[in-house]
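Peer 1: Structure below; questions to follow.
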Amino acid sequence: MFIKRIQPWSHPDSAITPESAYLNRRDLLRAGAISAAGLILSGLDRSSFADDKTIPPKKKGSSYYPAKKNKAYRVLEKGKDVTLTKESAATGYNNFYEFSTNKEQVKKLVGKFETDPWKLRIHGLCKKPMTIDFSDILKKMPLEERTYRFRCVEAWAMVVPWTGFPLSKLLALVEPTSKAKFVKFTSFKNEKQAPGFKQYSYYPWPYFEGLRLDEAQHDLTMIATGIYGKPLPKQNGAPLRLIVPWKYGFKSIKSIVDIELVATQPKTFWNSLASDEYGFYANVNPKVPHPRWSQASERMIPDNSVRKTELYNGYADQVAKLYPNKTMKKSPRKSH
Ligand SMILES: Nc1nc2c(c(=O)[nH]1)N[C@H]1C(S)=C(S)[C@@H](COP(=O)(O)O)O[C@H]1N2
Ligand SMILES: [Mo]
């Protein structure tokens with residue numbers, strides 16, 4: 001039987017929210033009397049937050065921006081820099097389920113989210129665990145601008161200039177021990193500041209992610225504190241978020257409050273919800289389809305121009321060596 005692989009963008013927007021739509025029957029029952037339709041449409045039910053206003057990011061800290069461009073990190077096509085995604089698209093079409101599953105609504109719902117002051121705890125298998133103020137991170141870390149490709153598992157993509165620093169520099173501050181093999185990241189959880197925790201109470205909040213230590217220490221792996229030469233807007237994960245450009249976007253956890261060095265592979269938010277759809281590794285791979293759609297091509301926001309997906313999102317030369325023993329596997333769970 002021939003089954004046509006559909007692309008998510010061939011559906012009307014309301015009919016598909018790939019990362020939200022999947023909960024199995026048992027999850028649904030556990031979550032209570034919610035209909036599948038209700039799950040998909042719940043992004044539209046934001047009545048209790050209807051009076052929220054978008055508050056522009058505070059000026060404090062903006063003296064760090066724009067940071068110096070690091071020319072080693074460009075996105076080239078036929079030897080030329082590709083055109084950056086429009087800033088309004090990258091900051092107006094967001095996956096941040098703590099606020100809404102509706103990408104266009106997120107930026108309107110971040111008004112109550114307090115990102116200053118902000119503390120980050122770094123602990124676990126390390127010699128010098130610490131809790132550090134975000135303002136001190138800015139003072140200690142060398143900020144630079146890098147242009148990266150960014151690819152969501154839903155098959156939309158963008159090219160954006162992030163400001164930040166290699167995660168390896170932050171990890172070096174705490175001196176990981178030889179027992180540390182993985183890194184676990186946790187996002188904020190404050191029900192008064194974001195409607196999603198209550199609205200989507202069936203998700204295992206707070207959002208959590210993980211990387212192997214060598215992936216976390218790879219030079220391409222960044223902590224971003226800014227975008228387009230300005231501090232990160234709240235909807236993009238202020239004040240600090242992870243960027244792992246060769247992996248699907250859900251790995252790039254936003255608004256991090258806790259980083260823990262651990263010995264064993266940590267669980268992750270999307271993998272715990274749907275392990276057959278969202279693997280731990282989640283490396284961009286055109287040949288490994290999502291169970292519900294192809295990953296062979298992607299659409300650039302906002303104009304939806306379609307291009308071929310690249311292995312490791314175009315970063316194969318830099319990262320393929322991280323995965324010497326992996327072969328191409330057919331399911332996202334086993335894919336690398
Ligand atoms: N805390 C948290 N981090 C998150 C998410 C989220 O819902 N919550 N969504 C992820 C997904 S699916 C994507 S594609 C990117 C989107 O980042 P952007 O809005 O800056 O493009 O953030 C990732 N980080
Ligand atoms: Mo995503």
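Residue numbers start at 1 in each chain; chains themselves are named A, B, ... in the order of the structure tokens; ligands are numbered from 1 in the order shown.
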So which bits of region 116-269 of chain A end up helix (DSSP H, G or I) when you DSSP the backbone, as a ChimeraX atom specification?
Peer 2: /A:134-140,167-174,196-199,213-216,234-236,249-251,269
Peer 1: What do you get as a ChimeraX atom specification if you pick all residues at most 9 Å from ligand 1, counting only C-alpha atoms and all ligand atoms?
Peer 2: /A:19,89-101,103,106,150-154,156-158,186-188,206-209,232-233,235-237,241-243,248-256,270
Peer 1: Enter the distance from CA of Leu220 (chain A) to CA of Tyr148 (chain A), in Å, rounded to one decimal.
Peer 2: 9.2 Å
Peer 1: Looking only at the backbone, which of the residues in region 50-293 of chain A does DSSP tag as strand (DSSP E), as a PyMOL selection string?
Peer 2: chain A and resi 76-77+80-81+119-124+130-133+144-151+156-166+182-187+208-212+222-227+230-231+241-243+256-262
Peer 1: Would you kindly return, as a count of residues only, each protein, DNA or RNA residue with an atom no farther than 7 Å from any atom of Thr163 (chain A), considering only C-alpha atoms and excluding same-chain residues fewer than 6 positions away?
Peer 2: 10
Peer 1: Pick out the closest residue to Ala263 (chain A) from this set: A:Ser294, A:Thr83, A:Ser178, A:Gln217. Count only C-alpha atoms.
Peer 2: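 Closest to Ala263 (chain A), using only C-alpha atoms: A:Ser178.
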